[in-house]
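Data block for entry38.cif (mmCIF, N, CA and C atoms):
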data_final
loop_
_atom_site.label_atom_id
_atom_site.label_comp_id
_atom_site.auth_asym_id
_atom_site.auth_seq_id
_atom_site.Cartn_x
_atom_site.Cartn_y
_atom_site.Cartn_z
N MET A 1 361.05 44.82 -44.16
CA MET A 1 360.93 44.77 -45.60
C MET A 1 359.54 44.27 -46.01
N VAL A 2 359.06 43.26 -45.33
CA VAL A 2 357.74 42.71 -45.63
C VAL A 2 356.67 43.76 -45.41
N ASN A 3 356.77 44.49 -44.31
CA ASN A 3 355.78 45.53 -44.03
C ASN A 3 355.79 46.62 -45.09
N ARG A 4 356.96 46.97 -45.56
CA ARG A 4 357.05 47.97 -46.63
C ARG A 4 356.33 47.49 -47.88
N TYR A 5 356.59 46.24 -48.25
CA TYR A 5 355.92 45.67 -49.43
C TYR A 5 354.40 45.70 -49.24
N LYS A 6 353.93 45.26 -48.07
CA LYS A 6 352.49 45.21 -47.81
C LYS A 6 351.86 46.59 -47.93
N ILE A 7 352.51 47.59 -47.37
CA ILE A 7 351.98 48.95 -47.43
C ILE A 7 351.91 49.44 -48.87
N ARG A 8 352.97 49.21 -49.61
CA ARG A 8 353.02 49.67 -51.01
C ARG A 8 352.03 48.89 -51.89
N ILE A 9 351.87 47.60 -51.62
CA ILE A 9 350.92 46.79 -52.40
C ILE A 9 349.50 47.25 -52.12
N GLU A 10 349.18 47.52 -50.86
CA GLU A 10 347.85 48.03 -50.52
C GLU A 10 347.58 49.37 -51.20
N ALA A 11 348.64 50.14 -51.45
CA ALA A 11 348.49 51.42 -52.14
C ALA A 11 348.42 51.26 -53.65
N GLY A 12 348.54 50.01 -54.13
CA GLY A 12 348.43 49.76 -55.57
C GLY A 12 349.72 49.96 -56.34
N ASP A 13 350.85 49.80 -55.70
CA ASP A 13 352.16 50.02 -56.34
C ASP A 13 352.58 48.78 -57.13
N PRO A 14 352.56 48.85 -58.47
CA PRO A 14 352.91 47.68 -59.27
C PRO A 14 354.37 47.25 -59.12
N MET A 15 355.26 48.17 -58.84
CA MET A 15 356.66 47.81 -58.67
C MET A 15 356.86 47.00 -57.39
N ALA A 16 356.13 47.33 -56.35
CA ALA A 16 356.20 46.55 -55.11
C ALA A 16 355.67 45.14 -55.35
N MET A 17 354.60 45.02 -56.13
CA MET A 17 354.05 43.70 -56.46
C MET A 17 355.06 42.90 -57.26
N TYR A 18 355.67 43.55 -58.22
CA TYR A 18 356.69 42.90 -59.05
C TYR A 18 357.85 42.42 -58.18
N ASN A 19 358.37 43.31 -57.35
CA ASN A 19 359.53 42.97 -56.51
C ASN A 19 359.21 41.85 -55.52
N LEU A 20 358.05 41.91 -54.90
CA LEU A 20 357.68 40.86 -53.96
C LEU A 20 357.50 39.53 -54.70
N GLY A 21 356.96 39.60 -55.90
CA GLY A 21 356.85 38.39 -56.72
C GLY A 21 358.21 37.78 -56.99
N CYS A 22 359.20 38.62 -57.26
CA CYS A 22 360.57 38.13 -57.49
C CYS A 22 361.12 37.46 -56.24
N GLU A 23 360.85 38.03 -55.08
CA GLU A 23 361.31 37.44 -53.82
C GLU A 23 360.71 36.05 -53.63
N TYR A 24 359.40 35.94 -53.87
CA TYR A 24 358.74 34.65 -53.72
C TYR A 24 359.22 33.64 -54.77
N TYR A 25 359.42 34.10 -55.99
CA TYR A 25 359.84 33.20 -57.06
C TYR A 25 361.18 32.56 -56.75
N GLN A 26 362.13 33.36 -56.30
CA GLN A 26 363.47 32.86 -56.02
C GLN A 26 363.62 32.30 -54.60
N GLY A 27 362.76 32.72 -53.70
CA GLY A 27 362.93 32.33 -52.30
C GLY A 27 364.08 33.08 -51.66
N ASP A 28 364.26 34.34 -52.06
CA ASP A 28 365.36 35.17 -51.57
C ASP A 28 364.99 35.95 -50.32
N ASN A 29 366.03 36.43 -49.64
CA ASN A 29 365.89 37.35 -48.51
C ASN A 29 364.94 36.85 -47.43
N GLY A 30 364.99 35.57 -47.16
CA GLY A 30 364.18 35.00 -46.09
C GLY A 30 362.76 34.63 -46.49
N PHE A 31 362.39 34.85 -47.74
CA PHE A 31 361.06 34.48 -48.21
C PHE A 31 361.06 33.01 -48.60
N THR A 32 359.99 32.31 -48.29
CA THR A 32 359.82 30.93 -48.71
C THR A 32 359.48 30.93 -50.20
N GLN A 33 360.10 30.04 -50.94
CA GLN A 33 359.82 29.97 -52.38
C GLN A 33 358.36 29.56 -52.58
N ASP A 34 357.63 30.40 -53.30
CA ASP A 34 356.21 30.16 -53.59
C ASP A 34 355.94 30.72 -54.97
N ARG A 35 356.12 29.89 -55.97
CA ARG A 35 356.01 30.37 -57.35
C ARG A 35 354.58 30.70 -57.73
N SER A 36 353.61 30.05 -57.14
CA SER A 36 352.21 30.39 -57.42
C SER A 36 351.91 31.81 -56.95
N LYS A 37 352.40 32.15 -55.77
CA LYS A 37 352.21 33.50 -55.23
C LYS A 37 352.93 34.51 -56.11
N ALA A 38 354.12 34.15 -56.60
CA ALA A 38 354.88 35.04 -57.47
C ALA A 38 354.10 35.34 -58.75
N ILE A 39 353.56 34.31 -59.37
CA ILE A 39 352.79 34.49 -60.61
C ILE A 39 351.57 35.38 -60.34
N GLU A 40 350.90 35.14 -59.23
CA GLU A 40 349.73 35.96 -58.86
C GLU A 40 350.12 37.43 -58.72
N LEU A 41 351.22 37.70 -58.02
CA LEU A 41 351.67 39.09 -57.84
C LEU A 41 352.08 39.71 -59.17
N TRP A 42 352.76 38.94 -60.01
CA TRP A 42 353.17 39.46 -61.31
C TRP A 42 351.97 39.78 -62.21
N HIS A 43 350.92 38.95 -62.13
CA HIS A 43 349.71 39.25 -62.90
C HIS A 43 349.12 40.58 -62.46
N ARG A 44 349.03 40.79 -61.15
CA ARG A 44 348.49 42.05 -60.64
C ARG A 44 349.36 43.22 -61.07
N ALA A 45 350.68 43.05 -60.99
CA ALA A 45 351.60 44.12 -61.39
C ALA A 45 351.47 44.41 -62.88
N GLY A 46 351.35 43.37 -63.68
CA GLY A 46 351.20 43.56 -65.12
C GLY A 46 349.92 44.30 -65.46
N GLU A 47 348.84 43.96 -64.79
CA GLU A 47 347.57 44.64 -65.02
C GLU A 47 347.65 46.13 -64.69
N LEU A 48 348.57 46.47 -63.79
CA LEU A 48 348.75 47.88 -63.41
C LEU A 48 349.85 48.56 -64.22
N GLY A 49 350.36 47.87 -65.25
CA GLY A 49 351.28 48.52 -66.17
C GLY A 49 352.74 48.11 -66.09
N ASN A 50 353.07 47.15 -65.27
CA ASN A 50 354.47 46.72 -65.16
C ASN A 50 354.75 45.64 -66.20
N ALA A 51 355.40 46.02 -67.30
CA ALA A 51 355.67 45.09 -68.40
C ALA A 51 356.66 43.99 -68.01
N GLU A 52 357.59 44.29 -67.11
CA GLU A 52 358.57 43.29 -66.67
C GLU A 52 357.87 42.10 -66.03
N ALA A 53 356.77 42.35 -65.36
CA ALA A 53 356.03 41.28 -64.71
C ALA A 53 355.55 40.27 -65.74
N TYR A 54 355.04 40.76 -66.87
CA TYR A 54 354.60 39.85 -67.93
C TYR A 54 355.78 39.08 -68.52
N GLY A 55 356.93 39.71 -68.60
CA GLY A 55 358.13 39.02 -69.06
C GLY A 55 358.49 37.87 -68.14
N ASN A 56 358.39 38.11 -66.83
CA ASN A 56 358.70 37.06 -65.86
C ASN A 56 357.69 35.92 -65.92
N ILE A 57 356.43 36.25 -66.15
CA ILE A 57 355.41 35.22 -66.29
C ILE A 57 355.73 34.35 -67.50
N GLY A 58 356.07 34.98 -68.60
CA GLY A 58 356.43 34.24 -69.82
C GLY A 58 357.62 33.33 -69.58
N TYR A 59 358.63 33.86 -68.89
CA TYR A 59 359.82 33.06 -68.58
C TYR A 59 359.45 31.85 -67.72
N ALA A 60 358.61 32.07 -66.72
CA ALA A 60 358.22 30.98 -65.83
C ALA A 60 357.47 29.88 -66.59
N TYR A 61 356.55 30.28 -67.47
CA TYR A 61 355.81 29.30 -68.24
C TYR A 61 356.70 28.58 -69.25
N GLU A 62 357.59 29.32 -69.87
CA GLU A 62 358.49 28.72 -70.86
C GLU A 62 359.38 27.65 -70.22
N ASN A 63 359.79 27.89 -68.97
CA ASN A 63 360.67 26.95 -68.29
C ASN A 63 359.94 25.95 -67.41
N GLY A 64 358.62 25.99 -67.45
CA GLY A 64 357.84 25.01 -66.71
C GLY A 64 357.84 25.20 -65.21
N THR A 65 358.12 26.41 -64.75
CA THR A 65 358.13 26.66 -63.33
C THR A 65 356.91 27.42 -62.91
#
Could I get this structure in the form of structure tokens?
Amino acid sequence: MVNRYKIRIEAGDPMAMYNLGCEYYQGDNGFTQDRSKAIELWHRAGELGNAEAYGNIGYAYENGT
């Protein structure tokens, strides 16, 4: 799964960035929780057109996470 994300992220896939950010944010599926990395990935995804990523960033800031 990690390799798939890496390949898609290298190809500039905003959905892969968004999804990997979600994994890091929650610490799901064997990923270590890393909210800074999640925010970074969501920013990149948002810049590439993924509006959900900006929603997640807003939620994280609103809740102080």
The PyMOL selection byres (((chain A and resi 19 and name CA) around 10) and name CA) - which residues does that actually catch in the file I just gave you? List them as a PyMOL selection string.
chain A and resi 5+14-18+20-25+38+41-42+45+53
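Here atom CA of A:Gly30 stands at a distance of 25.9 Å from atom CA of A:Ala51.
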When DSSP is applied to the backbone of this structure, which of chain A are assigned helix (DSSP H, G or I)? Write them out as an MDAnalysis selection string.
chainID A and resid 2:10 14:26 35:47 51:62
One decimal, Å: what's the distance from atom CA of A:Val2 over to atom CA of A:Tyr54, could you say?
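Going from atom CA of A:Val2 over to atom CA of A:Tyr54 covers 22.7 Å.
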Computed interatomic separation between atom N of A:Arg44 and atom N of A:Gly27 (Å):
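About the pair atom N of A:Arg44 and atom N of A:Gly27: they are 17.6 Å apart.
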As JSON, numbers by chain, please: the residues near A:His43 (cut-off 8 Å, only C-alpha atoms, same-chain neighbours under 3 positions excluded).
{"A": [39, 40, 46, 47, 53, 54, 57]}
Could you write out as lines of an AutoDock Vina configuration file the box around stretch 25-36 of chain A (axis-aligned, all atoms listed in the file, 6 Å on each side), with centre and edge lengths in Å to one decimal?
center_x = 359.0
center_y = 33.5
center_z = -51.9
size_x = 26.1
size_y = 19.8
size_z = 23.6
From A:Gly12, A:Gly64, A:Gly49, A:Gly55, residue lying nearest A:Arg35 [only C-alpha atoms]
A:Gly64
